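Participant: File follows, input_7.cif with mmCIF, C-alpha atoms and all ligand atoms:
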data_target
loop_
_atom_site.label_atom_id
_atom_site.label_comp_id
_atom_site.auth_asym_id
_atom_site.auth_seq_id
_atom_site.Cartn_x
_atom_site.Cartn_y
_atom_site.Cartn_z
CA MET E 1 -64.59 -49.29 -89.69
CA GLU E 2 -65.18 -48.23 -93.29
CA THR E 3 -64.00 -49.06 -96.76
CA ALA E 4 -60.41 -48.12 -95.97
CA SER E 5 -59.28 -51.72 -95.66
CA SER E 6 -59.29 -53.54 -99.01
CA GLN E 7 -60.42 -56.73 -97.22
CA THR E 8 -63.86 -55.49 -96.22
CA ALA E 9 -67.15 -56.37 -97.92
CA GLY E 10 -67.77 -52.65 -98.41
CA ALA E 11 -64.48 -52.28 -100.27
CA ALA E 12 -65.41 -55.14 -102.60
CA ILE E 13 -68.63 -53.31 -103.51
CA ALA E 14 -66.71 -50.04 -104.00
CA ARG E 15 -64.35 -51.81 -106.43
CA VAL E 16 -67.27 -52.93 -108.62
CA TYR E 17 -68.49 -49.33 -108.77
CA GLU E 18 -65.11 -48.24 -110.14
CA GLN E 19 -65.93 -49.98 -113.41
CA PHE E 20 -69.64 -50.50 -113.64
CA ILE E 21 -71.23 -47.39 -112.12
CA LEU E 22 -70.79 -43.86 -113.44
CA PRO E 23 -68.82 -41.81 -110.90
CA THR E 24 -71.46 -39.08 -110.39
CA TYR E 25 -71.45 -39.69 -106.62
CA SER E 26 -68.73 -40.27 -104.02
CA PRO E 27 -70.21 -42.80 -101.61
CA ALA E 28 -68.35 -43.45 -98.37
CA LEU E 29 -70.11 -46.56 -97.17
CA ALA E 30 -72.05 -49.58 -98.44
CA LEU E 31 -75.35 -49.88 -96.59
CA VAL E 32 -77.17 -53.18 -96.67
CA ARG E 33 -79.88 -53.12 -94.01
CA GLY E 34 -81.96 -50.76 -91.91
CA ALA E 35 -84.44 -50.76 -89.03
CA GLY E 36 -86.02 -47.65 -87.56
CA CYS E 37 -83.40 -44.91 -87.41
CA HIS E 38 -80.47 -47.28 -87.75
CA VAL E 39 -78.66 -48.73 -90.77
CA TRP E 40 -75.95 -51.37 -91.06
CA ASP E 41 -73.05 -51.41 -93.50
CA ALA E 42 -71.81 -54.42 -95.46
CA ASP E 43 -69.32 -55.17 -92.69
CA GLY E 44 -71.88 -55.24 -89.91
CA ASN E 45 -71.28 -51.79 -88.39
CA ARG E 46 -74.35 -49.94 -87.13
CA TYR E 47 -75.06 -46.23 -87.68
CA LEU E 48 -77.65 -43.79 -86.41
CA ASP E 49 -79.10 -42.40 -89.64
CA LEU E 50 -79.79 -38.65 -89.66
CA THR E 51 -79.85 -38.59 -93.46
CA ALA E 52 -82.97 -40.72 -94.10
CA GLY E 53 -81.91 -41.28 -97.71
CA ILE E 54 -81.86 -37.45 -98.08
CA ALA E 55 -85.14 -36.64 -96.34
CA VAL E 56 -86.85 -39.65 -97.92
CA ASN E 57 -87.29 -42.36 -95.26
CA VAL E 58 -89.76 -40.38 -93.17
CA LEU E 59 -90.96 -43.56 -91.41
CA GLY E 60 -87.38 -44.74 -90.87
CA HIS E 61 -86.23 -48.06 -92.29
CA ALA E 62 -88.37 -51.18 -92.59
CA HIS E 63 -91.42 -49.63 -90.93
CA PRO E 64 -93.93 -52.53 -90.65
CA ALA E 65 -96.83 -50.45 -92.06
CA LEU E 66 -94.87 -49.57 -95.19
CA VAL E 67 -93.41 -53.06 -95.59
CA GLN E 68 -96.88 -54.57 -95.32
CA ALA E 69 -98.50 -52.10 -97.74
CA ILE E 70 -95.80 -52.67 -100.37
CA SER E 71 -95.82 -56.46 -99.95
CA GLN E 72 -99.59 -56.73 -100.18
CA GLN E 73 -99.79 -54.43 -103.19
CA ALA E 74 -96.91 -56.22 -104.92
CA ALA E 75 -98.78 -59.51 -104.61
CA ARG E 76 -101.94 -57.91 -106.04
CA LEU E 77 -100.86 -55.49 -108.80
CA ILE E 78 -97.52 -53.69 -109.14
CA HIS E 79 -98.03 -51.69 -112.28
CA VAL E 80 -100.64 -50.69 -114.80
CA SER E 81 -100.24 -47.76 -117.15
CA ASN E 82 -102.18 -44.56 -116.74
CA ASN E 83 -104.33 -45.67 -119.67
CA PHE E 84 -106.27 -47.51 -116.97
CA TYR E 85 -107.81 -46.24 -113.75
CA ASN E 86 -105.99 -47.52 -110.70
CA GLU E 87 -107.72 -47.82 -107.36
CA ARG E 88 -104.71 -46.76 -105.28
CA GLN E 89 -104.29 -43.52 -107.26
CA ALA E 90 -108.00 -42.90 -106.73
CA GLU E 91 -107.33 -43.15 -102.98
CA LEU E 92 -104.13 -41.13 -102.93
CA GLY E 93 -105.47 -38.11 -104.86
CA PRO E 94 -108.24 -37.42 -102.33
CA ARG E 95 -105.92 -38.20 -99.36
CA LEU E 96 -103.36 -35.63 -100.53
CA ALA E 97 -106.10 -33.08 -101.25
CA ALA E 98 -107.49 -33.66 -97.74
CA VAL E 99 -104.19 -33.15 -95.93
CA ALA E 100 -103.45 -30.12 -98.12
CA GLY E 101 -106.88 -28.81 -97.14
CA GLY E 102 -108.99 -28.00 -100.16
CA ASP E 103 -109.59 -28.47 -103.83
CA TRP E 104 -106.44 -29.94 -105.29
CA SER E 105 -105.75 -32.29 -108.20
CA CYS E 106 -102.60 -34.38 -108.62
CA PHE E 107 -100.26 -35.48 -111.38
CA PHE E 108 -98.09 -38.37 -110.24
CA CYS E 109 -94.53 -38.93 -111.37
CA ASN E 110 -91.40 -40.55 -109.94
CA SER E 111 -89.11 -37.85 -108.57
CA GLY E 112 -88.77 -34.29 -107.42
CA ALA E 113 -87.27 -33.10 -110.68
CA GLU E 114 -90.21 -34.56 -112.56
CA ALA E 115 -92.70 -32.98 -110.17
CA ASN E 116 -91.09 -29.56 -110.74
CA GLU E 117 -90.88 -30.24 -114.47
CA ALA E 118 -94.66 -30.77 -114.39
CA LEU E 119 -95.08 -27.40 -112.62
CA ILE E 120 -92.91 -25.69 -115.25
CA LYS E 121 -94.96 -27.28 -118.03
CA LEU E 122 -98.14 -26.20 -116.23
CA ALA E 123 -96.84 -22.61 -116.13
CA ARG E 124 -95.99 -22.64 -119.84
CA ARG E 125 -99.29 -24.14 -120.89
CA TRP E 126 -101.18 -21.70 -118.66
CA GLY E 127 -99.13 -18.80 -120.00
CA ARG E 128 -99.41 -19.75 -123.66
CA ASP E 129 -102.59 -17.78 -124.34
CA ARG E 130 -101.26 -14.91 -122.24
CA GLY E 131 -97.94 -14.60 -124.05
CA ARG E 132 -96.06 -15.69 -120.93
CA TYR E 133 -93.62 -18.49 -120.21
CA ARG E 134 -90.88 -17.28 -117.87
CA VAL E 135 -90.46 -18.79 -114.38
CA VAL E 136 -88.72 -16.75 -111.70
CA THR E 137 -86.88 -18.68 -108.98
CA LEU E 138 -84.58 -17.79 -106.07
CA LEU E 139 -80.81 -17.81 -105.80
CA GLY E 140 -79.68 -20.67 -103.59
CA SER E 141 -82.68 -22.77 -104.61
CA PHE E 142 -82.58 -26.36 -105.77
CA HIS E 143 -85.24 -27.81 -108.04
CA GLY E 144 -83.66 -30.86 -109.68
CA ARG E 145 -81.17 -32.10 -112.25
CA THR E 146 -83.13 -32.35 -115.50
CA LEU E 147 -82.27 -29.60 -117.98
CA ALA E 148 -85.31 -27.48 -117.12
CA THR E 149 -85.04 -27.97 -113.36
CA LEU E 150 -81.28 -27.42 -113.19
CA THR E 151 -81.88 -24.21 -115.12
CA ALA E 152 -84.56 -23.28 -112.59
CA THR E 153 -82.09 -24.06 -109.79
CA GLY E 154 -80.41 -20.93 -108.41
CA GLN E 155 -76.92 -22.45 -108.12
CA GLU E 156 -74.29 -22.19 -110.84
CA LYS E 157 -72.51 -25.42 -109.91
CA VAL E 158 -75.32 -27.67 -111.20
CA LYS E 159 -75.31 -25.94 -114.63
CA GLU E 160 -71.60 -26.04 -115.35
CA GLY E 161 -70.85 -27.70 -118.68
CA PHE E 162 -74.49 -28.29 -119.61
CA GLN E 163 -75.05 -25.19 -121.75
CA PRO E 164 -76.98 -24.31 -123.80
CA LEU E 165 -79.68 -24.22 -121.12
CA PRO E 166 -83.39 -23.90 -121.88
CA ASP E 167 -84.74 -20.37 -122.12
CA GLY E 168 -87.34 -18.93 -119.79
CA PHE E 169 -85.88 -18.67 -116.30
CA ALA E 170 -84.78 -15.75 -114.12
CA HIS E 171 -83.22 -15.80 -110.65
CA VAL E 172 -83.43 -13.28 -107.83
CA PRO E 173 -82.03 -13.16 -104.27
CA ALA E 174 -84.23 -14.93 -101.70
CA GLY E 175 -86.13 -12.60 -99.40
CA ASP E 176 -85.81 -9.54 -101.66
CA LEU E 177 -89.28 -8.71 -102.97
CA ALA E 178 -88.14 -5.55 -104.78
CA ALA E 179 -85.61 -7.58 -106.79
CA LEU E 180 -88.31 -10.08 -107.65
CA GLU E 181 -90.70 -7.35 -108.74
CA ARG E 182 -87.97 -5.95 -111.02
CA ALA E 183 -87.29 -9.40 -112.53
CA VAL E 184 -90.95 -9.98 -113.43
CA THR E 185 -91.61 -8.95 -117.01
CA SER E 186 -94.63 -9.16 -119.29
CA ASP E 187 -93.57 -12.69 -120.28
CA THR E 188 -93.36 -14.03 -116.69
CA ALA E 189 -95.86 -16.79 -115.92
CA ALA E 190 -94.87 -18.11 -112.50
CA VAL E 191 -92.70 -17.85 -109.40
CA LEU E 192 -91.27 -21.04 -107.89
CA VAL E 193 -89.80 -21.09 -104.35
CA GLU E 194 -88.90 -23.45 -101.52
CA ALA E 195 -90.32 -22.35 -98.15
CA VAL E 196 -87.12 -23.72 -96.59
CA GLN E 197 -84.22 -24.01 -99.00
CA GLY E 198 -82.75 -27.47 -98.47
CA GLU E 199 -79.75 -28.05 -100.73
CA GLY E 200 -79.05 -24.32 -100.51
CA GLY E 201 -78.11 -24.65 -96.81
CA ILE E 202 -81.36 -24.89 -94.76
CA ILE E 203 -82.46 -21.31 -95.29
CA VAL E 204 -85.89 -20.65 -93.77
CA LEU E 205 -87.68 -18.01 -95.83
CA ASP E 206 -89.44 -15.29 -93.85
CA PRO E 207 -93.20 -16.04 -93.86
CA GLU E 208 -93.83 -12.31 -94.22
CA TYR E 209 -91.80 -12.33 -97.46
CA LEU E 210 -93.87 -15.27 -98.70
CA ARG E 211 -97.12 -13.48 -97.83
CA GLN E 212 -96.00 -10.38 -99.72
CA LEU E 213 -94.93 -12.60 -102.60
CA ARG E 214 -98.41 -14.14 -102.65
CA GLN E 215 -100.00 -10.68 -102.77
CA PHE E 216 -97.65 -9.58 -105.54
CA CYS E 217 -98.42 -12.71 -107.59
CA ASP E 218 -102.14 -12.05 -107.15
CA ARG E 219 -101.76 -8.41 -108.25
CA ARG E 220 -99.73 -9.37 -111.33
CA GLU E 221 -101.74 -12.53 -112.04
CA LEU E 222 -98.73 -14.83 -111.68
CA LEU E 223 -98.84 -18.42 -110.55
CA LEU E 224 -97.05 -19.09 -107.25
CA PHE E 225 -95.52 -22.55 -106.90
CA VAL E 226 -93.89 -24.00 -103.78
CA ASP E 227 -91.32 -26.78 -104.14
CA GLU E 228 -92.12 -29.07 -101.19
CA VAL E 229 -89.96 -31.94 -102.39
CA GLN E 230 -87.72 -31.79 -99.30
CA THR E 231 -89.96 -29.91 -96.85
CA GLY E 232 -93.14 -31.89 -97.48
CA MET E 233 -94.72 -34.87 -95.71
CA GLY E 234 -94.49 -33.61 -92.14
CA ARG E 235 -90.80 -32.79 -92.08
CA THR E 236 -91.11 -29.16 -91.03
CA GLY E 237 -93.88 -29.81 -88.50
CA SER E 238 -96.90 -29.64 -90.81
CA TRP E 239 -97.86 -31.73 -93.83
CA PHE E 240 -96.41 -29.04 -96.08
CA ALA E 241 -94.22 -26.09 -95.09
CA TRP E 242 -96.51 -23.57 -96.83
CA GLN E 243 -99.22 -24.45 -94.30
CA GLN E 244 -97.22 -22.67 -91.59
CA THR E 245 -96.80 -19.49 -93.64
CA GLY E 246 -100.40 -18.48 -94.26
CA VAL E 247 -99.65 -18.66 -97.99
CA ARG E 248 -101.57 -20.98 -100.26
CA PRO E 249 -99.72 -21.72 -103.48
CA ASP E 250 -101.37 -22.34 -106.86
CA ALA E 251 -99.51 -25.63 -107.03
CA PHE E 252 -96.77 -27.45 -105.13
CA SER E 253 -94.42 -30.33 -105.81
CA LEU E 254 -93.74 -33.41 -103.71
CA ALA E 255 -91.38 -36.37 -103.91
CA LYS E 256 -88.67 -37.43 -101.41
CA GLY E 257 -90.74 -38.38 -98.34
CA LEU E 258 -93.97 -39.07 -100.23
CA GLY E 259 -93.35 -42.79 -100.76
CA GLY E 260 -91.14 -43.28 -97.70
CA GLY E 261 -88.41 -44.64 -100.02
CA VAL E 262 -90.48 -45.93 -102.92
CA PRO E 263 -89.99 -43.54 -105.84
CA ILE E 264 -93.01 -41.30 -106.31
CA GLY E 265 -93.47 -37.61 -106.93
CA ALA E 266 -96.50 -35.41 -107.37
CA ALA E 267 -97.48 -32.05 -108.75
CA VAL E 268 -100.42 -30.98 -106.59
CA VAL E 269 -102.39 -28.34 -108.47
CA ASP E 270 -105.22 -26.04 -107.45
CA ARG E 271 -108.35 -27.51 -108.97
CA ARG E 272 -109.21 -24.35 -110.87
CA LEU E 273 -106.07 -25.08 -112.98
CA ARG E 274 -107.00 -28.72 -113.48
CA ALA E 275 -107.82 -28.35 -117.19
CA VAL E 276 -104.51 -26.64 -118.09
CA LEU E 277 -102.70 -29.94 -118.58
CA GLY E 278 -105.33 -31.70 -120.68
CA PRO E 279 -105.23 -35.14 -122.34
CA GLY E 280 -101.95 -35.78 -124.13
CA THR E 281 -100.09 -32.75 -122.71
CA HIS E 282 -98.06 -34.64 -120.13
CA ALA E 283 -97.43 -38.25 -119.14
CA SER E 284 -95.30 -40.66 -117.15
CA THR E 285 -95.17 -44.41 -117.70
CA PHE E 286 -94.52 -45.30 -114.06
CA GLY E 287 -96.11 -42.22 -112.50
CA GLY E 288 -98.51 -43.08 -109.70
CA ASN E 289 -98.49 -46.81 -110.34
CA PRO E 290 -100.27 -49.06 -107.82
CA LEU E 291 -97.10 -49.99 -105.92
CA ALA E 292 -95.87 -46.41 -105.51
CA THR E 293 -99.28 -45.04 -104.60
CA ALA E 294 -99.85 -47.85 -102.09
CA ALA E 295 -96.56 -46.83 -100.45
CA ALA E 296 -97.60 -43.17 -100.32
CA LEU E 297 -100.94 -44.09 -98.79
CA ALA E 298 -99.18 -46.08 -96.06
CA VAL E 299 -96.85 -43.13 -95.44
CA ILE E 300 -99.75 -40.69 -95.06
CA ASP E 301 -101.70 -43.09 -92.80
CA THR E 302 -98.66 -43.64 -90.60
CA ILE E 303 -97.71 -39.96 -90.35
CA GLU E 304 -101.29 -39.32 -89.23
CA ARG E 305 -101.63 -42.30 -86.89
CA GLU E 306 -98.27 -41.73 -85.18
CA GLY E 307 -98.62 -37.93 -85.14
CA LEU E 308 -95.26 -37.59 -86.89
CA ALA E 309 -95.70 -34.00 -88.11
CA GLU E 310 -96.41 -32.82 -84.53
CA HIS E 311 -93.51 -34.97 -83.34
CA ALA E 312 -91.22 -33.39 -85.96
CA ARG E 313 -92.28 -29.95 -84.80
CA ALA E 314 -91.69 -30.65 -81.08
CA LEU E 315 -88.50 -32.70 -81.43
CA GLY E 316 -87.14 -30.23 -84.00
CA ALA E 317 -87.69 -27.33 -81.59
CA TRP E 318 -85.94 -29.28 -78.82
CA MET E 319 -83.00 -30.13 -81.10
CA LEU E 320 -82.67 -26.53 -82.29
CA ALA E 321 -82.48 -25.38 -78.66
CA GLU E 322 -79.91 -28.07 -77.74
CA LEU E 323 -77.85 -27.37 -80.85
CA GLY E 324 -78.01 -23.64 -80.15
CA ARG E 325 -76.41 -24.32 -76.73
CA LEU E 326 -73.83 -26.57 -78.38
CA ALA E 327 -73.00 -23.78 -80.83
CA GLY E 328 -72.27 -21.54 -77.85
CA ARG E 329 -69.58 -24.00 -76.73
CA HIS E 330 -68.08 -24.50 -80.21
CA PRO E 331 -67.14 -21.30 -82.02
CA ILE E 332 -66.75 -23.18 -85.30
CA VAL E 333 -70.57 -23.39 -85.42
CA LYS E 334 -71.71 -20.00 -86.72
CA ASP E 335 -75.45 -20.57 -86.97
CA VAL E 336 -78.10 -23.15 -86.11
CA ARG E 337 -81.33 -22.95 -88.07
CA GLY E 338 -84.20 -24.92 -89.50
CA LYS E 339 -87.79 -25.93 -89.09
CA GLY E 340 -89.00 -29.20 -87.59
CA LEU E 341 -86.67 -32.04 -88.46
CA MET E 342 -84.90 -30.09 -91.18
CA ILE E 343 -81.91 -28.59 -89.41
CA GLY E 344 -78.71 -26.91 -90.56
CA LEU E 345 -75.52 -25.94 -88.73
CA LEU E 346 -73.45 -23.35 -90.57
CA LEU E 347 -69.77 -23.96 -89.92
CA ASP E 348 -66.80 -21.68 -90.20
CA ALA E 349 -65.06 -24.47 -92.16
CA PRO E 350 -65.79 -27.09 -94.81
CA VAL E 351 -68.19 -29.66 -93.38
CA ARG E 352 -66.68 -32.77 -95.01
CA PRO E 353 -64.15 -33.61 -92.23
CA LEU E 354 -66.90 -33.35 -89.63
CA LEU E 355 -69.12 -35.76 -91.60
CA ASP E 356 -66.20 -38.21 -91.71
CA ARG E 357 -65.68 -37.92 -87.94
CA LEU E 358 -69.38 -38.40 -87.29
CA ARG E 359 -69.49 -41.47 -89.51
CA ALA E 360 -66.52 -42.97 -87.67
CA ALA E 361 -68.49 -42.29 -84.46
CA GLY E 362 -71.50 -44.16 -85.88
CA VAL E 363 -73.67 -41.20 -86.94
CA LEU E 364 -74.62 -40.43 -90.54
CA ALA E 365 -75.33 -36.81 -91.46
CA LEU E 366 -75.37 -34.75 -94.65
CA ALA E 367 -73.85 -31.62 -96.08
CA ALA E 368 -75.84 -28.84 -97.73
CA GLY E 369 -73.31 -26.94 -99.77
CA GLU E 370 -69.73 -26.65 -98.52
CA ARG E 371 -70.28 -25.40 -95.00
CA VAL E 372 -73.62 -26.52 -93.70
CA LEU E 373 -74.11 -29.71 -91.71
CA ARG E 374 -77.63 -30.90 -92.57
CA LEU E 375 -79.79 -33.11 -90.37
CA VAL E 376 -82.93 -34.56 -92.00
CA PRO E 377 -83.56 -37.67 -89.88
CA PRO E 378 -86.51 -40.05 -90.13
CA LEU E 379 -89.56 -38.44 -88.49
CA VAL E 380 -89.70 -41.43 -86.11
CA LEU E 381 -86.44 -40.31 -84.46
CA THR E 382 -86.81 -40.47 -80.67
CA GLN E 383 -85.59 -37.81 -78.29
CA ALA E 384 -83.10 -40.33 -76.87
CA GLU E 385 -81.70 -40.94 -80.37
CA ALA E 386 -81.55 -37.20 -81.03
CA ALA E 387 -79.69 -36.71 -77.72
CA GLN E 388 -77.24 -39.47 -78.68
CA ALA E 389 -76.59 -37.80 -82.03
CA ILE E 390 -76.04 -34.40 -80.42
CA ALA E 391 -73.64 -35.92 -77.87
CA ALA E 392 -71.68 -37.55 -80.71
CA LEU E 393 -71.62 -34.23 -82.56
CA GLU E 394 -70.33 -32.49 -79.44
CA ARG E 395 -67.51 -35.07 -79.08
CA CYS E 396 -66.61 -34.85 -82.77
CA LEU E 397 -66.49 -31.05 -82.70
CA GLY E 398 -64.24 -31.20 -79.63
CA GLU E 399 -61.88 -33.74 -81.21
CA TRP E 400 -61.83 -31.77 -84.45
CA ALA E 401 -60.92 -28.55 -82.64
CA ALA E 402 -58.21 -30.38 -80.65
CA ALA E 403 -56.79 -31.92 -83.85
CA ALA E 404 -56.79 -28.51 -85.57
CA ALA E 405 -55.02 -26.95 -82.56
CA GLY E 406 -52.49 -29.80 -82.62
CA ALA E 407 -51.87 -29.23 -86.34
CA ASP E 408 -51.35 -25.52 -85.68
CA THR E 409 -48.85 -26.25 -82.92
CA ALA E 410 -46.99 -28.70 -85.18
CA ALA E 411 -46.95 -26.15 -87.99
CA ALA E 412 -45.66 -23.46 -85.62
CA ARG E 413 -42.85 -25.79 -84.48
CA ALA E 414 -41.83 -26.71 -88.04
C1 LIG J 1 -84.21 -33.27 -103.91
C2 LIG J 1 -84.95 -32.09 -104.40
C3 LIG J 1 -85.40 -32.01 -105.73
C4 LIG J 1 -85.08 -33.06 -106.75
O1 LIG J 1 -85.65 -34.29 -106.43
P1 LIG J 1 -85.18 -35.61 -107.22
O2 LIG J 1 -86.12 -36.66 -106.72
O3 LIG J 1 -83.76 -35.86 -106.86
O4 LIG J 1 -85.33 -35.33 -108.66
C5 LIG J 1 -86.14 -30.90 -106.09
N1 LIG J 1 -86.42 -29.93 -105.21
C6 LIG J 1 -86.00 -29.97 -103.93
C7 LIG J 1 -86.36 -28.86 -103.00
C8 LIG J 1 -85.24 -31.04 -103.48
O5 LIG J 1 -84.79 -31.06 -102.23
#
Would you mind writing the structure in this file as C-alpha cells?

Facilitator:
Amino acid sequence: METASSQTAGAAIARVYEQFILPTYSPALALVRGAGCHVWDADGNRYLDLTAGIAVNVLGHAHPALVQAISQQAARLIHVSNNFYNERQAELGPRLAAVAGGDWSCFFCNSGAEANEALIKLARRWGRDRGRYRVVTLLGSFHGRTLATLTATGQEKVKEGFQPLPDGFAHVPAGDLAALERAVTSDTAAVLVEAVQGEGGIIVLDPEYLRQLRQFCDRRELLLFVDEVQTGMGRTGSWFAWQQTGVRPDAFSLAKGLGGGVPIGAAVVDRRLRAVLGPGTHASTFGGNPLATAAALAVIDTIEREGLAEHARALGAWMLAELGRLAGRHPIVKDVRGKGLMIGLLLDAPVRPLLDRLRAAGVLALAAGERVLRLVPPLVLTQAEAAQAIAALERCLGEWAAAAAGADTAAARA
C-alpha cells in the first residue's frame, strides 16, 4: 500500500529525496492529489485526511472557492512589493479586524514563525523606552523554528544543538499564575501563550487562568499575546480561540489555516499599538502579496458562508463524546481532549505504530509529541467522514491490542 515496495511511484519519489532534499522530515507517503477531505498517493491509494496539512487546509483540498480565487488573482496580479498599496491587502485587513471584532491592524508575513517573530519584535520595540524586552512563554508551547521563536518555544527538543540562543525569554508551567508572576521581572515586556497548545499535545488552557493572566498583565502593564497559528480560523469553534475565553489579547498571530494552504501569516495588533512598528522597523518581501491575500479572503468568505466555525464546534463536540466512549473500551487511551476540530488522544504508549496502522487503513492522522494522537481535519469534514475515521481508529486500536497480546504470549513462550 505504501512506499515499502521499491517498484511503486511513491518509492521512486522517496529515492530522489534521499539525495536532493535535506532529511529534516520523515515522510511516509507521497501525496499527489486531493479533493475535500480525501487525498491520493502517487500509487492511486485514497486516504481520509485528518491532518489537513497540519491544520492548514481548513476548506479541505481543491475547494472550488479557493481554487477560483487563486486562479483569478494569479491571472490578474500575483505579486507586488509592499512598497505599493495592494487592493487585496486593503480588503483583508478590514475583514480580519471585523471577524476579530474591533480595532485591529495587521502585518502580513508568510508563516507562523514569522507572525510570532513580528510579535516578539513588537514587544521589544514597545518595551525599548520602558527598559523592557523579555517575553514570558509557557512550558509545552510551540511558537516556531526560527531562532527567536524556537527560543520562545517551551520544549527543549527544538533547541538542541542550536545554542547560543537569543536572550530575552523565560518559561513557566502552563496554568500556574503564581509561577508566571514570579518569572515576570522589571525587564519583562510581554507574555505569549496558545489558548490550546497544539504541538505540545492538545492542552486546552483553563479560560479562568487566561482571564487572571489578562488581569495580571493589565496590572503590571505587560502586553498579552495569543499565538493563534494553529487554533485560528474557525478550528476551535470560533474565528479565534481567545474569543471563547473572554480574554482580548493585545495582539495575536495567525498562519496555518489563514490561506487554506497558500502560505500567509499575520500579526494582528490592537490599533492603539499600531505606531510601535513604524516605517522601516519590519518588512517581508512576500508578506501579504495579492495572491496570498486573495486566498485568505476566499478562506474567510467560505468559513462564513458555510458556517464552518459553528460546524467545527458542533462536530468537534460530537467527536469528543464518541472518542470518550471509545476510550472507555480501549484502556490504552488515557485521555480525550480538545476544542472544536482540534482533538488529542493521550495514549499509554508511543503513538507512531498507531499512525502507521491508521495509514494502512486509509486514514491519515498526526502525532503531537510522543504519545498524543492529534486530529486536526479540514473544517469541511462531515459527520459521516468523522464516524468512518472513528470506526477505523476503533479497529486499529483493537488490532494493535491483539498484536501486543500476541507478542506478549510469544515472549512468555520463548
Ligand atoms: C505551526 C505553529 C507555529 C509555526 O508555524 P510555521 O508556519 O511552521 O512557522 C507557531 N505556533 C503554533 C501554535 C503553531 O502550531

Participant: Could you list, as a compact mmCIF listing (two decimals) with C-alpha atoms, in the coordinates of the input, all the residues within 10 Å of ligand LIG 1 (chain J), counting only C-alpha atoms and all ligand atoms?

Facilitator:
# COMPACT_ATOMS: atom_id res chain seq x y z
CA ILE E 54 -81.86 -37.45 -98.08
CA ALA E 55 -85.14 -36.64 -96.34
CA VAL E 56 -86.85 -39.65 -97.92
CA CYS E 109 -94.53 -38.93 -111.37
CA ASN E 110 -91.40 -40.55 -109.94
CA SER E 111 -89.11 -37.85 -108.57
CA GLY E 112 -88.77 -34.29 -107.42
CA ALA E 113 -87.27 -33.10 -110.68
CA GLU E 114 -90.21 -34.56 -112.56
CA ALA E 115 -92.70 -32.98 -110.17
CA ASN E 116 -91.09 -29.56 -110.74
CA GLU E 117 -90.88 -30.24 -114.47
CA SER E 141 -82.68 -22.77 -104.61
CA PHE E 142 -82.58 -26.36 -105.77
CA HIS E 143 -85.24 -27.81 -108.04
CA GLY E 144 -83.66 -30.86 -109.68
CA ARG E 145 -81.17 -32.10 -112.25
CA THR E 146 -83.13 -32.35 -115.50
CA THR E 149 -85.04 -27.97 -113.36
CA LEU E 150 -81.28 -27.42 -113.19
CA THR E 153 -82.09 -24.06 -109.79
CA VAL E 193 -89.80 -21.09 -104.35
CA GLU E 194 -88.90 -23.45 -101.52
CA ALA E 195 -90.32 -22.35 -98.15
CA VAL E 196 -87.12 -23.72 -96.59
CA GLN E 197 -84.22 -24.01 -99.00
CA GLY E 198 -82.75 -27.47 -98.47
CA GLU E 199 -79.75 -28.05 -100.73
CA GLY E 200 -79.05 -24.32 -100.51
CA VAL E 226 -93.89 -24.00 -103.78
CA ASP E 227 -91.32 -26.78 -104.14
CA GLU E 228 -92.12 -29.07 -101.19
CA VAL E 229 -89.96 -31.94 -102.39
CA GLN E 230 -87.72 -31.79 -99.30
CA THR E 231 -89.96 -29.91 -96.85
CA GLY E 232 -93.14 -31.89 -97.48
CA SER E 253 -94.42 -30.33 -105.81
CA LEU E 254 -93.74 -33.41 -103.71
CA ALA E 255 -91.38 -36.37 -103.91
CA LYS E 256 -88.67 -37.43 -101.41
CA GLY E 257 -90.74 -38.38 -98.34
CA PRO E 263 -89.99 -43.54 -105.84
CA ILE E 264 -93.01 -41.30 -106.31
CA GLY E 265 -93.47 -37.61 -106.93

Participant: What's around E:Trp318 at 12 Å? Count all atoms listed in the file, leave out sequence neighbours fewer than 6 positions away in its own chain, and write the answer as number ranges by chain.

Facilitator: E: 311-312, 324-325, 338-341, 343, 382-384, 386-387, 390

Participant: What's the 8 Å shell around E:Val184, counting all atoms listed in the file, without same-chain residues fewer than 4 positions away, as an MDAnalysis selection string?

Facilitator: chainID E and resid 136 180 188

Participant: From the options E:Ile120, E:Val262, E:Leu393, E:Val204, which residue's atoms come nearest to E:Leu192, counting all atoms listed in the file?

Facilitator: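 Closest to E:Leu192, using all atoms listed in the file: E:Ile120.
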
Participant: Report as a ChimeraX atom specification all protein, DNA and RNA residues lying within 10 Å of stretch 84-87 of chain E, evaluated on all atoms listed in the file, omitting residues in the same chain fewer than 3 positions from it.

Facilitator: /E:77,79-81,90-92,288-290,293-294

Participant: For E:Gly307, which residue among E:Val363, E:Leu345, E:Leu379, E:Ala292 is the nearest when counting only C-alpha atoms?

Facilitator: E:Leu379

Participant: Can you tell me which residues surround stretch 401-412 of chain E at a distance of at most 10 Å, considering only C-alpha atoms, apart from same-chain residues fewer than 2 positions away, and format the answer as a ChimeraX atom specification?

Facilitator: /E:330-332,395-399,414

Participant: Suppose you want the space between atom CA of E:Gly234 and atom CA of E:Arg313; what is it in Å?

Facilitator: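 Separation of atom CA of E:Gly234 and atom CA of E:Arg313: 8.5 Å.
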
Participant: Hey, which of E:Ala148, E:Ala317, E:Leu59, E:Ala189 ends up closest to E:Val336? Count all atoms listed in the file.

Facilitator: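 Of the candidates, the smallest distance to E:Val336 is held by E:Ala317.
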
Participant: Put a box with edges along x, y and z around all the listed atoms of stretch 106-115 of chain E, pad it by 6 Å on each side, then give me its centre and sizes in Å, one decimal, as AutoDock Vina command-line options.

Facilitator:
--center_x -94.9 --center_y -36.8 --center_z -110.0 --size_x 27.3 --size_y 19.6 --size_z 17.1

Participant: So how many Å separate atom CA of E:Pro164 and atom CA of E:Arg134, to one decimal?

Facilitator: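 Atom CA of E:Arg134 lies at a distance of 16.7 Å from atom CA of E:Pro164.
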
Participant: Hey, which of E:Leu96, E:Met342, E:Val158, E:Ala170 ends up closest to E:Ala296? Count all atoms listed in the file.

Facilitator: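 For E:Ala296, the nearest of the given residues is E:Leu96.
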
Participant: Nearest residue to E:Val172 out of E:Ala266, E:Val191, E:Ala65, E:Ala42, using all atoms listed in the file?

Facilitator: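 Counting all atoms listed in the file, the residue closest to E:Val172 is E:Val191.
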
Participant: With all atoms listed in the file as the basis for distance, which of E:Val268, E:Cys37, E:Ala14, E:Ala298 is at the shortest distance from E:Phe108?

Facilitator: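 Ranked by minimum distance to E:Phe108, first place goes to E:Val268.
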